[in-house]
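Chemist: Got a structure for you, questions after.
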Amino acid sequence: MLAKLQQKYKLLPAKEKAQIIALTVCIVLSAYGFTAALMWQEMFEAEKMANRKANRIETRIGKIVEPKLSSDVSETRLKKLTDELAKSTEALDVLTKRFIPIDNAARLQELKLDVSQLSDDVNLKINTFEVIGIEYKTDEEELSEYTDTRRKYYQRPYFAIEGQGKFYALLNFLQALNQLDNIAIIQKITIERGEQGQLLVRMKIIV
Amino acid sequence: MSKTTPALAKLKNSFSNIKLPELSSGGLLVLQSGSFGLRAAIFKTDKDSAHSYASIKAFALSRQVDFTRAIAEIIQQLRKEYGSVPKRCVLISPSLVSAILSLPVSPIKPKANGDMQELIRWEIDGAQNDDAKQWLIGSMLVERGYLTADQREEIIAELHLRQDMGGDAALTCFGDLAVELKYLTKEQLQECFALQNKLVDVEQDYIFGYQAELSENADDQQFSGLSDEVLATGNDNQTNHNWLVSGLARGIRKHWHGAFALNGLKLEAFYPSNGASFSALGLRSEDNKQCLLEVHTSHLVFVQGSNKNVKHISSKARHDGNLTLDEVLALCPENLNQDYDYLYIYSPDDSLDELSFALSEHLNIEVRPLVQAEPSFSLPANFSASNLLPFIGVANHFLNFSEKGRACSVKAKDKEPPLWQKLTQPKVMISMAATVVFSIAIGFIVWMQMNLATQEERLVGLEKRWSEENKVKQQYSKVQTEYAQLSKQITELESEIKQNKKLSKYLKKELLPAATTVPGALSAIANSINQGVIIEQVHLQTDAITIDGRALKTSNASEFAQKLNENLKPWRYQVGDTQSVAANDATSEKVFLNYKMRLEIGRRYFIDEDEVNDKTTTNKEKSE
């Protein structure tokens with residue numbers, strides 16, 4: 001077959017030979033260009049994808065640094081602290097169980113009544129009885145500020161009482177005050193000698 | 001002893017017959033072609049006391065018509081006989097023409113080879129036709145041994161007779177008539193025709209070798225007889241110089257070169273058969289003037305010259321039949337005896353004694369035969385040793401053991417042009433450019449394929465890395481988040497615990513103790529009052545107590561303070577600053593006491609040892 005073609009080619013005139021050579025060269029160049037273009041495209045795409053992936057790794061992952069973890073932060077310590085908090089809260093509950101809840105006006109009034117009756121019982125005449133430091137909360141939002149109930153123990157409402165009586169009446173009053181169901185602690189007291197053996201007393205009773 | 005001696009002699013003899021191949025590949029193989037076929041002789045360099053020379057070592061011949069097969073047969077024979085065959089070869093061929101030409105070219109300024117070739121081709125044109133008779137089929141058949149000289153005479157006579165008769169018989173050729181007369185076979189005739197075709201080139205495209213005439217003065221040899229002025233200026237005043245030239249058809253040269261190459265031999269030069277023995281004559285005679293008559297089967301060659309140069313060379317075809325005096329005299333000048341003492345005749349196949357005598361008588365000159373002694377090795381049957389003289393002459397000339405001017409060779413292959421010239425040929429440049437473009441194109445494809453494979457491999461690697469690092473990063477992130485949450489929880493718990501402790505401390509230390517401290521402190525104050533003291537005002541806070549009163553005497557005040565300090569210890573108070581000042585006025589109840597007193601009582605932050613002891617004792621008692 002090839003020999004036949006060769007023979008035919010040899011018999012062709014020079015001009016036609018040149019034309020065949022030119023045509024063959026054009027076809028070869030075109031085929032090469034087409035193949036090369038396809039391969040270039042493929043190579044370019046592969047390189048682009050690889051570069052993109054590399055850039056993605058660089059920007060999104062970057063340098064991986066191993067997190068530094070302290071041995072103080074652990075589940076064991078959390079549990080230990082939780083237990084400790086539970087114990088301290090329990091101990092605090094014991095200490096504060098006789099305090100009036102801050103939003104419980106009924107209990108406050110009951111205590112006020114108890115203190116008044118107690119002064120009558122021990123014959124301590126009360127001249128002035130004021131309840132100071134009560135802040136009424138209108139809604140739950142304001143009350144939520146007091147979710148940390150510990151704050152109320154540092155700034156409690158108190159009774160400001162002015163009265164007069166004998167020393168032992170005062171002493172009984174003070175001792176009996178300690179026996180009430182709810183707590184009533186005298187934080188400040190001023191005693192002045194009055195006329196006829198009477199003592200003028202000014203008290204600040206924390207409730 | 002008598003038994004061992006013959007055995008030893010036999011062994012010694014057998015060892016002496018063993019021919020080991022020569023270790024060295026040096027030497028020269030000289031070949032001669034002709035109608036007879038191909039002859040070859042191996043030459044080696046020998047030395048005697050005066051000078052070096054090439055000596056013949058082995059000889060072989062082949063009657064093959066085909067060049068390549070003839071050479072192969074020769075090599076085989078020589079190997080068998082001598083052991084090894086030199087690679088370098090020269091060939092003596094009747095296909096070469098020789099002439100002395102007067103050329104306008106100075107030996108000191110030779111022209112370029114191309115120009116010399118053109119010049120010689122132009123000048124030698126007439127000389128080429130004289131040798132044509134040597135290729136007549138009759139001469140070839142005689143030289144090849146298929147016909148005797150008498151048979152040839154007979155055929156020619158018959159041929160003339162038929163031509164005279166006319167008719168179809170007049171058209172009969174020499175070869176056909178020889179076959180018809182059964183002097184040779186058709187195959188032998190065809191063989192000679194084939195040989196004729198191989199040895200004669202019809203295209204007449206010749207390549208020439210040339211040799212300038214050397215100076216005859218022995219002392220002036222290196223300057224070729226030129227003067228100081230000529231050598232200094234490079235201008236040769238002499239218009240023409242004699243050049244010995246030889247020519248060979250390119251086609252024949254190509255055939256021979258190919259045949260030698262196929263047999264692994266390197267053919268280096270061609271020498272003409274005509275005048276080849278003149279070079280050998282120079283090895284035997286030191287006469288300043290020498291002349292030689294070569295008698296060949298088909299023609300005569302007359303060579304005149306000196307011990308350095310060939311001065312004249314002419315050839316003439318022989319008449320049919322035996323060589324006659326007239327034929328020789330037609331070639332030799334009558335006055336030969338004026339310049340030459342001897343006329344040498346080289347006729348290897350016939351001694352020509354009668355002719356020599358007649359020639360000597362006629363020319364009045366001594367005629368000497370140029371013959372070669374029998375060599376040490378055996379020659380083929382009916383082969384005269386004198387046939388070796390052209391071999392000896394050419395070998396010594398080629399190896400520079402005889403004067404260069406006595407022969408002229410044609411190079412077996414044109415000198416290769418320099419590499420840059422080869423490379424700058426348009427075809428070569430186009431081929432190189434095409435090769436470079438092709439290589440670049442292929443290289444580009446290969447590079448793209450390799451880069452593609454690399455990038456794909458890189459992408460796979462990056463995908464894997466992305467997957468792994470992403471996983472690790474997520475794990476680290478999860479750990480960090482959990483750690484932060486845990487840390488936050490722990491911090492919050494610590495804060496809660498701290499606040500609880502703070503509140504607990506506040507309640508225990510400050511707020512709750514006040515419930516018992518105030519009544520207790522008041523009782524302690526009441527219990528500390530003595531007869532000489534009146535309390536006017538008590539101001540009691542959690543941290544401090546201030547007492548104002550009156551005392552009858554300072555001792556009463558001090559006693560009160562001292563006792564008060566003791567009574568307040570359980571309630572963790574202590575008496576601090578005290579003041580007793582003489583009073584000028586009475587109390588609100590109109591009681592006058594001499595001194596006003598003021599006590600400042602503060603918190604007690606240390607524990608007395610007595611108190612500790614007391615507490616320990618109390619605890620023990622309680623436990624009991």
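Residue numbering restarts at 1 in every chain; chains get A, B, ... in the order shown in the structure tokens, and ligands count up from 1 in that same order.
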Show me, as a Markdown table, the residues of chain A having an atom within 6 Å of chain B, each with the closest atom pair and its distance in Å, using only C-alpha atoms.

Modeler:
| residue | atom | partner | partner_atom | distance |
| --- | --- | --- | --- | --- |
| A:Met43 | CA | B:Leu452 | CA | 4.7 |
| A:Ala46 | CA | B:Gln455 | CA | 5.7 |
| A:Glu47 | CA | B:Gln455 | CA | 5.3 |
| A:Ala50 | CA | B:Leu459 | CA | 4.7 |
| A:Val73 | CA | B:Ser487 | CA | 5.7 |
| A:Leu78 | CA | B:Ile490 | CA | 5.7 |
| A:Leu85 | CA | B:Ile497 | CA | 5.3 |
| A:Leu174 | CA | B:Pro519 | CA | 5.8 |
| A:Ile185 | CA | B:Ala515 | CA | 4.8 |
| A:Gln187 | CA | B:Thr542 | CA | 5.7 |
| A:Lys188 | CA | B:Gln541 | CA | 4.3 |
| A:Ile189 | CA | B:Leu540 | CA | 4.9 |
| A:Thr190 | CA | B:His539 | CA | 4.1 |
| A:Ile191 | CA | B:Val538 | CA | 4.8 |
| A:Glu192 | CA | B:Gln537 | CA | 4.2 |
| A:Arg193 | CA | B:Glu536 | CA | 5.1 |

Chemist: Just write the chosen residues, C-alpha atoms, as a PDB file, in the first residue's frame.

Modeler:
ATOM      1  CA  MET A  43      -2.437  21.061  31.982  1.00  0.00           C
ATOM      2  CA  ALA A  46      -4.841  20.897  36.482  1.00  0.00           C
ATOM      3  CA  GLU A  47      -2.328  23.523  37.567  1.00  0.00           C
ATOM      4  CA  ALA A  50      -3.814  22.586  42.307  1.00  0.00           C
ATOM      5  CA  VAL A  73      -8.961  23.038  83.438  1.00  0.00           C
ATOM      6  CA  LEU A  78     -15.095  21.115  87.389  1.00  0.00           C
ATOM      7  CA  LEU A  85     -20.080  25.189  95.371  1.00  0.00           C
ATOM      8  CA  LEU A 174     -32.655  42.787 122.878  1.00  0.00           C
ATOM      9  CA  ILE A 185     -30.159  42.021 114.296  1.00  0.00           C
ATOM     10  CA  GLN A 187     -26.500  46.778 114.086  1.00  0.00           C
ATOM     11  CA  LYS A 188     -26.374  50.130 115.811  1.00  0.00           C
ATOM     12  CA  ILE A 189     -27.756  51.331 119.115  1.00  0.00           C
ATOM     13  CA  THR A 190     -27.491  54.586 121.007  1.00  0.00           C
ATOM     14  CA  ILE A 191     -28.570  54.728 124.623  1.00  0.00           C
ATOM     15  CA  GLU A 192     -28.911  57.984 126.538  1.00  0.00           C
ATOM     16  CA  ARG A 193     -29.851  58.514 130.061  1.00  0.00           C
TER      17      ARG A 193
END

Chemist: Could you pull the residues within 12 Å of Phe383 of chain B, counting only C-alpha atoms, minus those fewer than 3 positions along the same chain, as a compact mmCIF listing (two decimals) with C-alpha atoms, in the first residue's frame?

Modeler:
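Generated file (result07.txt):
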# COMPACT_ATOMS: atom_id res chain seq x y z
CA PHE B 36 43.66 -10.57 -15.35
CA ARG B 39 46.41 -9.02 -7.56
CA PHE B 59 51.08 -12.20 -2.57
CA ALA B 60 47.64 -13.32 -3.73
CA LEU B 61 45.47 -13.02 -6.84
CA GLY B 145 44.55 -15.92 -20.39
CA PRO B 348 57.29 -9.14 -17.21
CA ASP B 349 55.74 -11.77 -19.50
CA ASP B 350 58.37 -11.85 -22.30
CA GLN B 372 62.64 -8.64 -10.02
CA GLU B 374 62.15 -14.35 -6.95
CA PRO B 375 60.74 -13.56 -3.51
CA SER B 378 56.03 -18.91 -3.45
CA LEU B 379 54.25 -17.25 -6.36
CA PRO B 380 51.41 -18.71 -8.41
CA SER B 386 58.82 -9.13 -12.38
CA ASN B 387 55.10 -8.52 -12.20
CA LEU B 388 55.75 -7.45 -8.60

Chemist: Extract, using only C-alpha atoms, all DNA, RNA and protein residues at most 9 Å from Asn307 of chain B, discarding same-chain residues fewer than 2 positions from it, and format them as an MDAnalysis selection string.

Modeler: chainID B and resid 216 281:282 285:290 305 309:310 403 405:406

Chemist: Print the selection's residues with N, CA and C atoms to a file, as a PDB file, in the first residue's frame.

Modeler:
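Final output, out32.pdb:
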ATOM      1  N   GLU B 216      65.936  19.239  -8.976  1.00  0.00           N
ATOM      2  CA  GLU B 216      66.896  18.179  -9.274  1.00  0.00           C
ATOM      3  C   GLU B 216      68.112  18.266  -8.366  1.00  0.00           C
ATOM      4  N   LEU B 281      62.165   1.489 -10.483  1.00  0.00           N
ATOM      5  CA  LEU B 281      63.471   1.680 -11.106  1.00  0.00           C
ATOM      6  C   LEU B 281      64.340   2.620 -10.271  1.00  0.00           C
ATOM      7  N   GLY B 282      63.706   3.589  -9.680  1.00  0.00           N
ATOM      8  CA  GLY B 282      64.434   4.541  -8.854  1.00  0.00           C
ATOM      9  C   GLY B 282      65.087   3.903  -7.649  1.00  0.00           C
ATOM     10  N   SER B 285      68.380   2.205  -9.527  1.00  0.00           N
ATOM     11  CA  SER B 285      69.359   3.006 -10.253  1.00  0.00           C
ATOM     12  C   SER B 285      69.448   4.389  -9.636  1.00  0.00           C
ATOM     13  N   GLU B 286      70.658   4.879  -9.496  1.00  0.00           N
ATOM     14  CA  GLU B 286      70.840   6.215  -8.964  1.00  0.00           C
ATOM     15  C   GLU B 286      71.279   7.183 -10.049  1.00  0.00           C
ATOM     16  N   ASP B 287      71.102   6.738 -11.345  1.00  0.00           N
ATOM     17  CA  ASP B 287      71.459   7.626 -12.446  1.00  0.00           C
ATOM     18  C   ASP B 287      70.604   8.879 -12.403  1.00  0.00           C
ATOM     19  N   ASN B 288      71.223   9.969 -12.840  1.00  0.00           N
ATOM     20  CA  ASN B 288      70.467  11.216 -12.845  1.00  0.00           C
ATOM     21  C   ASN B 288      69.404  11.225 -13.935  1.00  0.00           C
ATOM     22  N   LYS B 289      69.698  10.504 -15.017  1.00  0.00           N
ATOM     23  CA  LYS B 289      68.730  10.449 -16.107  1.00  0.00           C
ATOM     24  C   LYS B 289      68.369   8.995 -16.349  1.00  0.00           C
ATOM     25  N   GLN B 290      67.110   8.712 -16.384  1.00  0.00           N
ATOM     26  CA  GLN B 290      66.648   7.334 -16.526  1.00  0.00           C
ATOM     27  C   GLN B 290      65.516   7.298 -17.545  1.00  0.00           C
ATOM     28  N   GLY B 305      62.887  10.377 -17.295  1.00  0.00           N
ATOM     29  CA  GLY B 305      62.903  11.178 -16.075  1.00  0.00           C
ATOM     30  C   GLY B 305      64.263  11.208 -15.446  1.00  0.00           C
ATOM     31  N   ASN B 309      62.232  12.939 -10.696  1.00  0.00           N
ATOM     32  CA  ASN B 309      60.986  13.284 -11.368  1.00  0.00           C
ATOM     33  C   ASN B 309      60.750  12.439 -12.608  1.00  0.00           C
ATOM     34  N   VAL B 310      59.498  12.391 -12.965  1.00  0.00           N
ATOM     35  CA  VAL B 310      59.122  11.902 -14.293  1.00  0.00           C
ATOM     36  C   VAL B 310      59.088  13.136 -15.186  1.00  0.00           C
ATOM     37  N   GLU B 403      61.295   8.864  -4.247  1.00  0.00           N
ATOM     38  CA  GLU B 403      61.057  10.271  -4.540  1.00  0.00           C
ATOM     39  C   GLU B 403      59.597  10.489  -4.941  1.00  0.00           C
ATOM     40  N   GLY B 405      58.320  12.683  -6.821  1.00  0.00           N
ATOM     41  CA  GLY B 405      58.089  13.102  -8.203  1.00  0.00           C
ATOM     42  C   GLY B 405      58.076  11.966  -9.192  1.00  0.00           C
ATOM     43  N   ARG B 406      58.332  10.730  -8.759  1.00  0.00           N
ATOM     44  CA  ARG B 406      58.410   9.599  -9.689  1.00  0.00           C
ATOM     45  C   ARG B 406      57.050   8.937  -9.924  1.00  0.00           C
TER      46      ARG B 406
END

Chemist: Do you know which residues are at most 10 Å from Ser279 of chain B counting only C-alpha atoms, after dropping those on the same chain fewer than 2 positions away, and could you put them as a VMD selection string?

Modeler: chain B and resid 275 to 277 281 to 284 307 to 310 389 to 397 402 to 408

Chemist: Which neighbours of segment 107-121 of chain A fall inside 7 Å, counting only C-alpha atoms, when residues of the same chain fewer than 5 positions from it are skipped, and could you give them as a list in words?

Modeler: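 What passes the distance filter is Ile100, Phe173 and Asn182 of chain A.
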
Chemist: Please produce an output containing C-alpha atoms for each residue in the selection, written as a PDB file, in the first residue's frame.

Modeler:
ATOM      1  CA  ILE A 100     -36.826  37.295 105.161  1.00  0.00           C
ATOM      2  CA  PHE A 173     -36.042  43.319 124.375  1.00  0.00           C
ATOM      3  CA  ASN A 182     -36.995  35.688 111.399  1.00  0.00           C
TER       4      ASN A 182
END

Chemist: Which parts of segment 240-345 of chain B does DSSP call strand (DSSP E or B) when run on the backbone here, written out as an MDAnalysis selection string?

Modeler: chainID B and resid 241:249 266:272 289:295 299:306 310:317 342:345

Chemist: Determine which residues of segment 17-199 of chain A DSSP labels as helix (DSSP H, G or I) from the backbone of this structure, then write them out as a PyMOL selection string.

Modeler: chain A and resi 17-61+75-96+105-121+140-144+149-153+167-177+195-197

Chemist: Skip Arg156 of chain A itself and residues of its chain fewer than 6 positions away, then list as a VMD selection string all residues within 9 Å of it, counting only C-alpha atoms.

Modeler: chain A and resid 102 133 to 134 206 to 207
